[in-house]
$ cat data_21.cif   # mmCIF, C-alpha atoms
data_model
loop_
_atom_site.label_atom_id
_atom_site.label_comp_id
_atom_site.auth_asym_id
_atom_site.auth_seq_id
_atom_site.Cartn_x
_atom_site.Cartn_y
_atom_site.Cartn_z
CA MET A 581 8.90 62.53 -66.03
CA SER A 582 6.08 64.37 -67.86
CA GLU A 583 3.23 62.55 -69.58
CA LYS A 584 2.74 63.29 -73.26
CA LYS A 585 -0.48 65.21 -73.84
CA THR A 586 -2.83 63.64 -76.37
CA LEU A 587 -4.99 66.00 -78.42
CA VAL A 588 -8.37 65.65 -80.10
CA LYS A 589 -6.74 65.81 -83.55
CA ASP A 590 -4.75 62.68 -82.73
CA TYR A 591 -7.86 60.49 -82.47
CA MET A 592 -10.66 62.25 -84.33
CA THR A 593 -12.09 60.91 -87.57
CA GLU A 594 -11.15 63.35 -90.34
CA ASN A 595 -13.20 62.11 -93.31
CA VAL A 596 -16.62 62.96 -91.91
CA ILE A 597 -19.89 62.32 -93.73
CA SER A 598 -21.89 65.54 -93.61
CA VAL A 599 -25.16 66.84 -95.04
CA SER A 600 -26.39 70.29 -96.04
CA PRO A 601 -29.38 72.25 -94.71
CA ASN A 602 -31.13 71.49 -98.01
CA THR A 603 -30.68 67.72 -97.73
CA THR A 604 -34.10 66.10 -97.54
CA THR A 605 -35.13 64.34 -94.37
CA GLU A 606 -35.85 61.20 -96.39
CA GLU A 607 -32.27 61.22 -97.67
CA VAL A 608 -30.92 61.49 -94.13
CA ILE A 609 -33.09 58.59 -92.97
CA GLY A 610 -31.74 56.49 -95.85
CA LEU A 611 -28.18 57.52 -94.96
CA MET A 612 -28.73 56.49 -91.35
CA ARG A 613 -30.00 53.10 -92.44
CA GLU A 614 -27.02 52.51 -94.73
CA SER A 615 -24.26 53.74 -92.42
CA ARG A 616 -25.89 52.89 -89.07
CA HIS A 617 -24.77 56.28 -87.73
CA ASN A 618 -27.51 58.21 -85.96
CA SER A 619 -26.21 61.75 -86.38
CA TYR A 620 -24.50 63.91 -88.99
CA PRO A 621 -22.91 67.37 -89.04
CA VAL A 622 -24.71 69.93 -91.19
CA VAL A 623 -22.37 72.05 -93.32
CA LYS A 624 -23.03 75.15 -95.39
CA ASP A 625 -20.29 76.97 -97.34
CA ASN A 626 -17.75 74.67 -95.61
CA LYS A 627 -18.86 75.91 -92.18
CA LEU A 628 -20.52 73.80 -89.51
CA VAL A 629 -24.04 75.14 -88.97
CA GLY A 630 -25.80 72.34 -87.12
CA MET A 631 -26.26 68.65 -86.31
CA ILE A 632 -29.07 66.37 -87.39
CA THR A 633 -29.80 63.31 -85.26
CA ALA A 634 -32.28 60.46 -85.27
CA PHE A 635 -33.75 62.00 -82.11
CA ASP A 636 -34.40 65.26 -83.99
CA ILE A 637 -36.29 63.36 -86.67
CA VAL A 638 -38.52 61.35 -84.34
CA SER A 639 -39.10 63.98 -81.65
CA LYS A 640 -39.70 67.17 -83.64
CA GLU A 641 -42.51 68.17 -85.94
CA TRP A 642 -41.80 66.79 -89.41
CA ALA A 643 -39.91 68.96 -91.89
CA ASP A 644 -38.97 68.07 -95.45
CA THR A 645 -35.36 69.22 -95.11
CA VAL A 646 -32.61 69.09 -92.54
CA GLU A 647 -32.79 72.84 -91.97
CA GLY A 648 -36.16 72.49 -90.29
CA LEU A 649 -34.99 69.77 -87.87
CA MET A 650 -31.31 70.29 -87.15
CA SER A 651 -29.95 71.47 -83.80
CA THR A 652 -27.94 74.69 -83.99
CA GLN A 653 -26.87 75.06 -80.35
CA LEU A 654 -23.83 72.81 -80.59
CA VAL A 655 -20.97 71.72 -78.38
CA VAL A 656 -17.86 71.62 -80.55
CA ALA A 657 -14.19 70.94 -79.97
CA ASN A 658 -11.04 72.57 -81.24
CA GLN A 659 -8.62 70.03 -82.69
CA GLU A 660 -5.89 71.23 -80.31
CA LEU A 661 -8.03 70.50 -77.23
CA PRO A 662 -6.50 67.85 -74.90
CA ILE A 663 -8.52 64.68 -75.34
CA ASN A 664 -9.03 64.34 -71.56
CA ASP A 665 -10.75 67.74 -71.54
CA ALA A 666 -12.91 66.74 -74.50
CA SER A 667 -13.85 63.54 -72.71
CA ARG A 668 -14.98 65.47 -69.63
CA VAL A 669 -17.08 67.84 -71.75
CA MET A 670 -18.80 64.94 -73.53
CA PHE A 671 -19.47 63.16 -70.26
CA ARG A 672 -20.94 66.23 -68.57
CA ARG A 673 -23.07 67.11 -71.59
CA GLY A 674 -24.19 63.53 -72.16
CA ILE A 675 -23.17 63.50 -75.83
CA SER A 676 -21.53 60.66 -77.72
CA ARG A 677 -20.28 62.53 -80.82
CA MET A 678 -18.72 65.97 -80.92
CA PRO A 679 -17.85 67.91 -84.11
CA VAL A 680 -14.33 69.28 -84.40
CA VAL A 681 -13.81 72.66 -86.07
CA ASP A 682 -10.88 74.94 -86.85
CA LYS A 683 -10.61 78.63 -85.93
CA GLU A 684 -12.79 79.60 -88.91
CA GLY A 685 -15.55 77.19 -87.93
CA VAL A 686 -14.76 74.77 -90.74
CA LEU A 687 -15.58 71.15 -89.93
CA VAL A 688 -12.31 69.19 -89.75
CA GLY A 689 -13.41 66.01 -87.96
CA ILE A 690 -15.57 64.35 -85.35
CA ILE A 691 -14.63 62.77 -82.01
CA THR A 692 -16.71 60.01 -80.43
CA ASN A 693 -16.93 58.10 -77.17
CA THR A 694 -15.29 55.17 -78.96
CA ASP A 695 -12.30 57.38 -79.79
CA MET A 696 -12.06 58.39 -76.14
CA VAL A 697 -11.95 54.78 -75.00
CA ARG A 698 -9.36 53.91 -77.65
CA SER A 699 -7.13 56.79 -76.57
CA HIS A 700 -6.98 55.45 -73.00
CA ILE A 701 -6.40 51.75 -73.76
CA GLU A 702 -3.11 50.31 -72.53
CA ARG A 703 -1.54 53.59 -71.45
CA SER A 704 1.67 53.24 -69.43
CA THR A 705 1.46 56.31 -67.24
CA PRO A 706 4.46 57.46 -65.17
CA ASN A 707 2.53 56.56 -61.99
CA LYS A 708 2.17 52.98 -63.21
CA VAL A 709 5.91 52.79 -63.95
CA GLU A 710 6.88 54.27 -60.59
CA TYR A 711 4.65 51.76 -58.83
CA PHE A 712 6.28 48.88 -60.69
CA LYS A 713 9.76 50.28 -59.93
CA LYS A 714 9.03 50.45 -56.20
CA THR A 715 7.61 46.94 -56.27
CA MET A 716 10.85 45.60 -57.76
CA GLU A 717 12.90 47.40 -55.12
CA GLN A 718 10.80 46.07 -52.26
CA LEU A 719 10.64 42.55 -53.67
CA TYR A 720 14.37 42.15 -54.20
CA GLY A 721 15.75 44.61 -51.65
CA ILE A 722 17.63 46.64 -54.27
CA LYS A 723 17.86 50.18 -55.62
CA THR A 724 16.85 50.54 -59.26
CA THR A 725 17.19 53.27 -61.87
CA LEU A 726 14.55 54.36 -64.36
CA LYS A 727 15.21 55.55 -67.90
CA HIS A 728 12.97 56.54 -70.77
CA MET A 729 14.75 55.25 -73.86
CA PRO A 730 14.39 53.25 -77.08
CA VAL A 731 15.17 49.54 -76.75
CA GLU A 732 16.14 47.41 -79.73
CA THR A 733 13.11 45.33 -80.66
CA ASP A 734 15.19 42.18 -81.22
CA LYS A 735 16.66 42.45 -77.70
CA LEU A 736 13.28 42.32 -75.96
CA ARG A 737 12.34 39.10 -74.19
CA PRO A 738 8.54 38.69 -74.19
CA THR A 739 6.76 37.19 -71.21
CA GLN A 740 3.23 36.93 -72.63
CA ASP A 741 2.13 33.95 -74.71
CA ARG A 742 -0.57 35.57 -76.83
CA VAL A 743 -1.81 38.84 -78.27
CA TYR A 744 -5.06 39.73 -80.01
CA ALA A 745 -5.31 40.79 -83.64
CA ASP A 746 -7.94 43.45 -82.98
CA GLU A 747 -5.75 45.16 -80.38
CA LEU A 748 -2.73 44.94 -82.70
CA GLU A 749 -4.66 47.09 -85.17
CA GLY A 750 -5.14 49.74 -82.51
CA ARG A 751 -1.49 49.70 -81.50
CA ALA A 752 -0.43 49.89 -85.17
CA TYR A 753 -2.56 53.01 -85.59
CA GLU A 754 -0.96 54.59 -82.53
CA LEU A 755 2.54 53.79 -83.82
CA GLU A 756 1.80 55.34 -87.21
CA LYS A 757 0.45 58.48 -85.52
CA GLY A 758 3.31 58.66 -83.01
CA LEU A 759 0.88 58.11 -80.13
CA ALA A 760 1.99 54.75 -78.76
CA GLU A 761 2.74 54.87 -75.05
CA PRO A 762 6.12 53.47 -73.95
CA ALA A 763 6.40 49.80 -73.02
CA ILE A 764 7.69 48.81 -69.58
CA VAL A 765 10.96 46.88 -69.66
CA VAL A 766 13.21 45.45 -66.95
CA LYS A 767 16.96 45.32 -67.58
CA THR A 768 18.44 42.53 -65.50
CA GLY A 769 22.02 41.56 -66.29
CA ASP A 770 22.27 41.74 -70.07
CA ARG A 771 18.62 40.83 -70.61
CA TRP A 772 15.75 43.17 -71.51
CA ILE A 773 12.51 41.71 -70.17
CA LEU A 774 9.26 43.03 -71.63
CA VAL A 775 6.82 43.46 -68.76
CA ASP A 776 4.00 45.54 -70.24
CA GLY A 777 3.22 46.55 -73.82
CA HIS A 778 3.27 43.27 -75.75
CA HIS A 779 0.73 44.47 -78.31
CA ARG A 780 2.80 47.59 -78.96
CA ALA A 781 6.02 45.58 -79.22
CA VAL A 782 4.54 42.96 -81.55
CA ALA A 783 3.04 45.69 -83.75
CA SER A 784 6.49 47.35 -83.87
CA LYS A 785 8.10 44.04 -84.81
CA GLN A 786 5.54 43.37 -87.55
CA ARG A 787 6.20 46.77 -89.10
CA GLY A 788 9.96 46.46 -89.00
CA TYR A 789 10.63 49.09 -86.35
CA GLU A 790 14.12 48.63 -84.98
CA THR A 791 13.33 50.01 -81.54
CA VAL A 792 10.46 50.23 -79.07
CA ASP A 793 9.99 53.37 -76.97
CA SER A 794 10.26 52.12 -73.37
CA TYR A 795 10.43 52.93 -69.70
CA VAL A 796 13.38 50.82 -68.57
CA VAL A 797 13.72 49.77 -64.92
CA ASP A 798 17.38 48.80 -64.54
CA LEU A 799 17.95 46.43 -61.60
CA GLY A 800 21.69 47.08 -61.65
CA GLN A 801 22.42 43.37 -61.28
CA ASP A 802 21.49 39.99 -62.71
CA ILE A 803 18.31 38.71 -61.07
CA LYS A 804 16.20 35.94 -62.57
CA LEU A 805 12.66 37.29 -62.45
CA GLY A 806 9.66 35.14 -61.72
CA MET A 807 8.08 36.19 -65.02
CA GLU A 808 11.21 34.98 -66.81
CA LYS A 809 10.92 31.57 -65.20
CA THR A 810 7.27 31.35 -66.19
CA ALA A 811 8.14 32.34 -69.76
CA ASP A 812 10.88 29.69 -69.80
CA LYS A 813 8.40 26.99 -68.82
CA ALA A 814 5.98 28.17 -71.51
CA GLY A 815 8.70 28.24 -74.16
CA ILE A 816 8.39 31.97 -74.79
CA ARG A 817 11.75 33.42 -75.80
CA THR A 818 11.11 35.53 -78.91
CA PHE A 819 8.16 37.26 -80.54
CA ASP A 820 7.83 34.26 -82.85
CA ASP A 821 6.70 32.26 -79.82
CA ILE A 822 3.72 34.55 -79.23
CA GLU A 823 0.39 33.35 -80.59
CA ILE A 824 -1.70 35.95 -82.42
CA ILE A 825 -5.38 35.28 -81.83
CA ASP A 826 -7.15 36.40 -84.98
CA ASP A 827 -10.34 34.36 -84.72
CA ASP A 828 -11.32 35.53 -81.27
CA LYS A 829 -11.84 38.77 -79.44
CA HIS A 830 -10.14 40.15 -76.38
CA PRO A 831 -11.43 38.39 -73.24
CA LEU A 832 -12.93 41.62 -71.88
CA ILE A 833 -14.94 42.13 -75.06
CA ALA A 834 -16.04 38.51 -75.11
CA LEU A 835 -17.06 38.78 -71.46
CA THR A 836 -19.09 41.92 -72.13
CA GLU A 837 -20.92 40.24 -75.00
CA SER A 838 -21.54 37.17 -72.86
CA ILE A 839 -23.15 39.33 -70.18
CA GLN A 840 -25.28 41.04 -72.82
CA ASP A 841 -26.34 37.67 -74.23
CA GLN A 842 -27.38 36.47 -70.77
CA ALA A 843 -29.31 39.65 -70.15
CA SER A 844 -31.19 39.28 -73.43
CA LYS A 845 -32.15 35.73 -72.44
CA GLY A 846 -33.35 36.91 -69.03
CA ASP A 847 -30.61 35.04 -67.10
#

$ encode --input "data_21.cif" --output "structure tokens"
Amino acid sequence: MSEKKTLVKDYMTENVISVSPNTTTEEVIGLMRESRHNSYPVVKDNKLVGMITAFDIVSKEWADTVEGLMSTQLVVANQELPINDASRVMFRRGISRMPVVDKEGVLVGIITNTDMVRSHIERSTPNKVEYFKKTMEQLYGIKTTLKHMPVETDKLRPTQDRVYADELEGRAYELEKGLAEPAIVVKTGDRWILVDGHHRAVASKQRGYETVDSYVVDLGQDIKLGMEKTADKAGIRTFDDIEIIDDDKHPLIALTESIQDQASKGD
């Protein structure tokens, strides 16, 4: 089972704010204050010719225009570059934003560290599926089969009691772009139990998709799974039973902010 390759063009921002070599430094400073971005591509005749950053402005001798401050030795990406390769380049070079150009050097987008993180969130890799499959076989002493197939959304039995609105937005974007990784589903008897991918499945349901792309582990017999029993006790049988948390953030984000808050207080 091969893993779909994700490219830079799938996650880059296309509508990029750029400046020209003749843009005044004062204008760039004002732009940085308004947008809270600290760097901009510099474009001349539709071609990328440099980057201007806040570091350039504060560390170099003052110049009235961007041309006198911009960096011209740039690391750029082709939009067909695998995003994992782009991520490695950015990590090794210590850069957080990388311009994306076409074969003619025309600026077509920009890829950031945030895009890299988003591209790796909640990815159901084949290794993860194989591990789950083997776990089921060892746990129940059976031989299972694995299929990559669409499963009717209305047939899926959820086992998670809540999803987060901010993550649903990310999954919706991936669905629209055709980037959503398959969910993991167990077929036991005539039931289709959703194990992993609740945000993707809920986003699919909200948008009226009839099926969810899935890795299906077929047990070949009717076994009542522990996660089913837990879902029964919690009253989770359909997607309508899942709570969408729209006034809170994902626990990992909240935890990160809590740590930052403690650090700022000297705890």

$ closest_atom_pairs --input "data_21.cif" --of "range 638-713 of chain A" --to "range 603-613 of chain A" --cutoff "6 Å" --atoms "all atoms listed in the file" --output "Markdown table"
| residue | atom | partner | partner_atom | distance |
| --- | --- | --- | --- | --- |
| A:Asp644 | CA | A:Thr605 | CA | 5.5 |
| A:Thr645 | CA | A:Thr604 | CA | 4.2 |
| A:Val646 | CA | A:Thr605 | CA | 5.7 |

$ atom_distance --input "data_21.cif" --atom1 "CA of Arg672 in chain A" --atom2 "CA of Met631 in chain A"
18.7 Å

$ resolve_selection --input "data_21.cif" --expression "the PyMOL selection byres ((chain A and resi 795) around 8)" --output "VMD selection string"
chain A and resid 709 726 to 729 762 to 765 793 to 794 796 to 797

$ atom_distance --input "data_21.cif" --atom1 "CA of Glu614 in chain A" --atom2 "CA of Val656 in chain A"
25.5 Å

$ closest_residue --input "data_21.cif" --among "A:Met716, A:Leu759, A:Leu687, A:Leu587" --to "Val599 in chain A" --atoms "all atoms listed in the file"
A:Leu687

$ decode --input "data_21.cif" --residues "range 761-776 of chain A" --atoms "all heavy atoms" --output "PDB file, in the first residue's frame"
ATOM      1  N   GLU A 761      -6.401  12.363   4.538  1.00  0.00           N
ATOM      2  CA  GLU A 761      -5.926  10.996   4.692  1.00  0.00           C
ATOM      3  C   GLU A 761      -7.110  10.080   5.025  1.00  0.00           C
ATOM      4  O   GLU A 761      -8.097  10.516   5.627  1.00  0.00           O
ATOM      5  CB  GLU A 761      -4.887  10.927   5.808  1.00  0.00           C
ATOM      6  CG  GLU A 761      -3.577  11.601   5.455  1.00  0.00           C
ATOM      7  CD  GLU A 761      -2.853  10.908   4.317  1.00  0.00           C
ATOM      8  OE1 GLU A 761      -2.875   9.675   4.274  1.00  0.00           O
ATOM      9  OE2 GLU A 761      -2.268  11.609   3.481  1.00  0.00           O
ATOM     10  N   PRO A 762      -7.016   8.804   4.653  1.00  0.00           N
ATOM     11  CA  PRO A 762      -8.122   7.891   4.950  1.00  0.00           C
ATOM     12  C   PRO A 762      -8.348   7.713   6.451  1.00  0.00           C
ATOM     13  O   PRO A 762      -7.409   7.783   7.244  1.00  0.00           O
ATOM     14  CB  PRO A 762      -7.658   6.562   4.322  1.00  0.00           C
ATOM     15  CG  PRO A 762      -6.660   6.961   3.286  1.00  0.00           C
ATOM     16  CD  PRO A 762      -5.963   8.170   3.850  1.00  0.00           C
ATOM     17  N   ALA A 763      -9.603   7.509   6.820  1.00  0.00           N
ATOM     18  CA  ALA A 763      -9.943   7.154   8.193  1.00  0.00           C
ATOM     19  C   ALA A 763      -9.586   5.688   8.415  1.00  0.00           C
ATOM     20  O   ALA A 763      -9.319   4.945   7.455  1.00  0.00           O
ATOM     21  CB  ALA A 763     -11.427   7.386   8.440  1.00  0.00           C
ATOM     22  N   ILE A 764      -9.571   5.257   9.670  1.00  0.00           N
ATOM     23  CA  ILE A 764      -9.372   3.844   9.987  1.00  0.00           C
ATOM     24  C   ILE A 764     -10.694   3.295  10.516  1.00  0.00           C
ATOM     25  O   ILE A 764     -11.261   3.835  11.481  1.00  0.00           O
ATOM     26  CB  ILE A 764      -8.261   3.641  11.026  1.00  0.00           C
ATOM     27  CG1 ILE A 764      -6.928   4.170  10.498  1.00  0.00           C
ATOM     28  CG2 ILE A 764      -8.123   2.155  11.388  1.00  0.00           C
ATOM     29  CD1 ILE A 764      -5.775   4.046  11.476  1.00  0.00           C
ATOM     30  N   VAL A 765     -11.172   2.234   9.884  1.00  0.00           N
ATOM     31  CA  VAL A 765     -12.482   1.661  10.200  1.00  0.00           C
ATOM     32  C   VAL A 765     -12.334   0.165  10.438  1.00  0.00           C
ATOM     33  O   VAL A 765     -11.552  -0.509   9.759  1.00  0.00           O
ATOM     34  CB  VAL A 765     -13.481   1.911   9.039  1.00  0.00           C
ATOM     35  CG1 VAL A 765     -14.818   1.216   9.310  1.00  0.00           C
ATOM     36  CG2 VAL A 765     -13.677   3.416   8.827  1.00  0.00           C
ATOM     37  N   VAL A 766     -13.079  -0.357  11.403  1.00  0.00           N
ATOM     38  CA  VAL A 766     -13.144  -1.795  11.634  1.00  0.00           C
ATOM     39  C   VAL A 766     -14.505  -2.300  11.195  1.00  0.00           C
ATOM     40  O   VAL A 766     -15.545  -1.763  11.610  1.00  0.00           O
ATOM     41  CB  VAL A 766     -12.920  -2.145  13.121  1.00  0.00           C
ATOM     42  CG1 VAL A 766     -13.263  -3.620  13.378  1.00  0.00           C
ATOM     43  CG2 VAL A 766     -11.485  -1.881  13.522  1.00  0.00           C
ATOM     44  N   LYS A 767     -14.510  -3.335  10.335  1.00  0.00           N
ATOM     45  CA  LYS A 767     -15.766  -3.989   9.967  1.00  0.00           C
ATOM     46  C   LYS A 767     -15.888  -5.246  10.807  1.00  0.00           C
ATOM     47  O   LYS A 767     -15.079  -6.169  10.702  1.00  0.00           O
ATOM     48  CB  LYS A 767     -15.811  -4.351   8.488  1.00  0.00           C
ATOM     49  CG  LYS A 767     -17.164  -4.917   8.056  1.00  0.00           C
ATOM     50  CD  LYS A 767     -17.212  -5.185   6.571  1.00  0.00           C
ATOM     51  CE  LYS A 767     -18.596  -5.634   6.141  1.00  0.00           C
ATOM     52  NZ  LYS A 767     -19.027  -6.884   6.820  1.00  0.00           N
ATOM     53  N   THR A 768     -16.886  -5.262  11.655  1.00  0.00           N
ATOM     54  CA  THR A 768     -17.136  -6.410  12.528  1.00  0.00           C
ATOM     55  C   THR A 768     -18.605  -6.787  12.383  1.00  0.00           C
ATOM     56  O   THR A 768     -19.492  -5.994  12.700  1.00  0.00           O
ATOM     57  CB  THR A 768     -16.777  -6.085  13.992  1.00  0.00           C
ATOM     58  OG1 THR A 768     -17.139  -7.189  14.813  1.00  0.00           O
ATOM     59  CG2 THR A 768     -17.411  -4.816  14.495  1.00  0.00           C
ATOM     60  N   GLY A 769     -18.866  -7.984  11.863  1.00  0.00           N
ATOM     61  CA  GLY A 769     -20.236  -8.337  11.530  1.00  0.00           C
ATOM     62  C   GLY A 769     -20.716  -7.420  10.423  1.00  0.00           C
ATOM     63  O   GLY A 769     -20.045  -7.245   9.408  1.00  0.00           O
ATOM     64  N   ASP A 770     -21.870  -6.796  10.625  1.00  0.00           N
ATOM     65  CA  ASP A 770     -22.373  -5.840   9.631  1.00  0.00           C
ATOM     66  C   ASP A 770     -22.181  -4.397  10.087  1.00  0.00           C
ATOM     67  O   ASP A 770     -22.815  -3.476   9.577  1.00  0.00           O
ATOM     68  CB  ASP A 770     -23.851  -6.111   9.343  1.00  0.00           C
ATOM     69  CG  ASP A 770     -24.724  -5.988  10.592  1.00  0.00           C
ATOM     70  OD1 ASP A 770     -24.175  -5.733  11.693  1.00  0.00           O
ATOM     71  OD2 ASP A 770     -25.952  -6.140  10.473  1.00  0.00           O
ATOM     72  N   ARG A 771     -21.291  -4.186  11.044  1.00  0.00           N
ATOM     73  CA  ARG A 771     -21.072  -2.854  11.589  1.00  0.00           C
ATOM     74  C   ARG A 771     -19.723  -2.294  11.131  1.00  0.00           C
ATOM     75  O   ARG A 771     -18.742  -3.037  11.000  1.00  0.00           O
ATOM     76  CB  ARG A 771     -21.123  -2.881  13.121  1.00  0.00           C
ATOM     77  CG  ARG A 771     -22.438  -3.431  13.656  1.00  0.00           C
ATOM     78  CD  ARG A 771     -22.528  -3.374  15.174  1.00  0.00           C
ATOM     79  NE  ARG A 771     -21.418  -4.025  15.870  1.00  0.00           N
ATOM     80  CZ  ARG A 771     -21.270  -5.350  15.961  1.00  0.00           C
ATOM     81  NH1 ARG A 771     -22.140  -6.163  15.393  1.00  0.00           N
ATOM     82  NH2 ARG A 771     -20.236  -5.865  16.623  1.00  0.00           N
ATOM     83  N   TRP A 772     -19.701  -0.975  10.922  1.00  0.00           N
ATOM     84  CA  TRP A 772     -18.509  -0.273  10.461  1.00  0.00           C
ATOM     85  C   TRP A 772     -18.113   0.706  11.556  1.00  0.00           C
ATOM     86  O   TRP A 772     -18.717   1.770  11.711  1.00  0.00           O
ATOM     87  CB  TRP A 772     -18.782   0.466   9.150  1.00  0.00           C
ATOM     88  CG  TRP A 772     -19.289  -0.433   8.064  1.00  0.00           C
ATOM     89  CD1 TRP A 772     -20.554  -0.917   7.925  1.00  0.00           C
ATOM     90  CD2 TRP A 772     -18.544  -0.964   6.964  1.00  0.00           C
ATOM     91  NE1 TRP A 772     -20.655  -1.715   6.814  1.00  0.00           N
ATOM     92  CE2 TRP A 772     -19.429  -1.753   6.205  1.00  0.00           C
ATOM     93  CE3 TRP A 772     -17.215  -0.836   6.543  1.00  0.00           C
ATOM     94  CZ2 TRP A 772     -19.029  -2.427   5.048  1.00  0.00           C
ATOM     95  CZ3 TRP A 772     -16.821  -1.491   5.389  1.00  0.00           C
ATOM     96  CH2 TRP A 772     -17.712  -2.275   4.655  1.00  0.00           C
ATOM     97  N   ILE A 773     -17.104   0.345  12.332  1.00  0.00           N
ATOM     98  CA  ILE A 773     -16.729   1.109  13.517  1.00  0.00           C
ATOM     99  C   ILE A 773     -15.599   2.075  13.165  1.00  0.00           C
ATOM    100  O   ILE A 773     -14.525   1.669  12.727  1.00  0.00           O
ATOM    101  CB  ILE A 773     -16.269   0.173  14.658  1.00  0.00           C
ATOM    102  CG1 ILE A 773     -17.293  -0.955  14.875  1.00  0.00           C
ATOM    103  CG2 ILE A 773     -16.048   0.975  15.936  1.00  0.00           C
ATOM    104  CD1 ILE A 773     -18.689  -0.480  15.202  1.00  0.00           C
ATOM    105  N   LEU A 774     -15.851   3.358  13.392  1.00  0.00           N
ATOM    106  CA  LEU A 774     -14.854   4.387  13.119  1.00  0.00           C
ATOM    107  C   LEU A 774     -13.860   4.444  14.277  1.00  0.00           C
ATOM    108  O   LEU A 774     -14.218   4.781  15.402  1.00  0.00           O
ATOM    109  CB  LEU A 774     -15.541   5.745  12.937  1.00  0.00           C
ATOM    110  CG  LEU A 774     -14.635   6.937  12.616  1.00  0.00           C
ATOM    111  CD1 LEU A 774     -13.851   6.708  11.319  1.00  0.00           C
ATOM    112  CD2 LEU A 774     -15.465   8.217  12.522  1.00  0.00           C
ATOM    113  N   VAL A 775     -12.619   4.117  13.979  1.00  0.00           N
ATOM    114  CA  VAL A 775     -11.575   4.062  15.006  1.00  0.00           C
ATOM    115  C   VAL A 775     -10.775   5.358  15.047  1.00  0.00           C
ATOM    116  O   VAL A 775     -10.529   5.932  16.107  1.00  0.00           O
ATOM    117  CB  VAL A 775     -10.631   2.869  14.748  1.00  0.00           C
ATOM    118  CG1 VAL A 775      -9.485   2.856  15.746  1.00  0.00           C
ATOM    119  CG2 VAL A 775     -11.411   1.556  14.804  1.00  0.00           C
ATOM    120  N   ASP A 776     -10.368   5.839  13.887  1.00  0.00           N
ATOM    121  CA  ASP A 776      -9.520   7.027  13.806  1.00  0.00           C
ATOM    122  C   ASP A 776      -9.968   7.864  12.617  1.00  0.00           C
ATOM    123  O   ASP A 776     -10.236   7.335  11.543  1.00  0.00           O
ATOM    124  CB  ASP A 776      -8.050   6.626  13.631  1.00  0.00           C
ATOM    125  CG  ASP A 776      -7.136   7.835  13.555  1.00  0.00           C
ATOM    126  OD1 ASP A 776      -6.859   8.412  14.622  1.00  0.00           O
ATOM    127  OD2 ASP A 776      -6.716   8.198  12.451  1.00  0.00           O
TER     128      ASP A 776
END
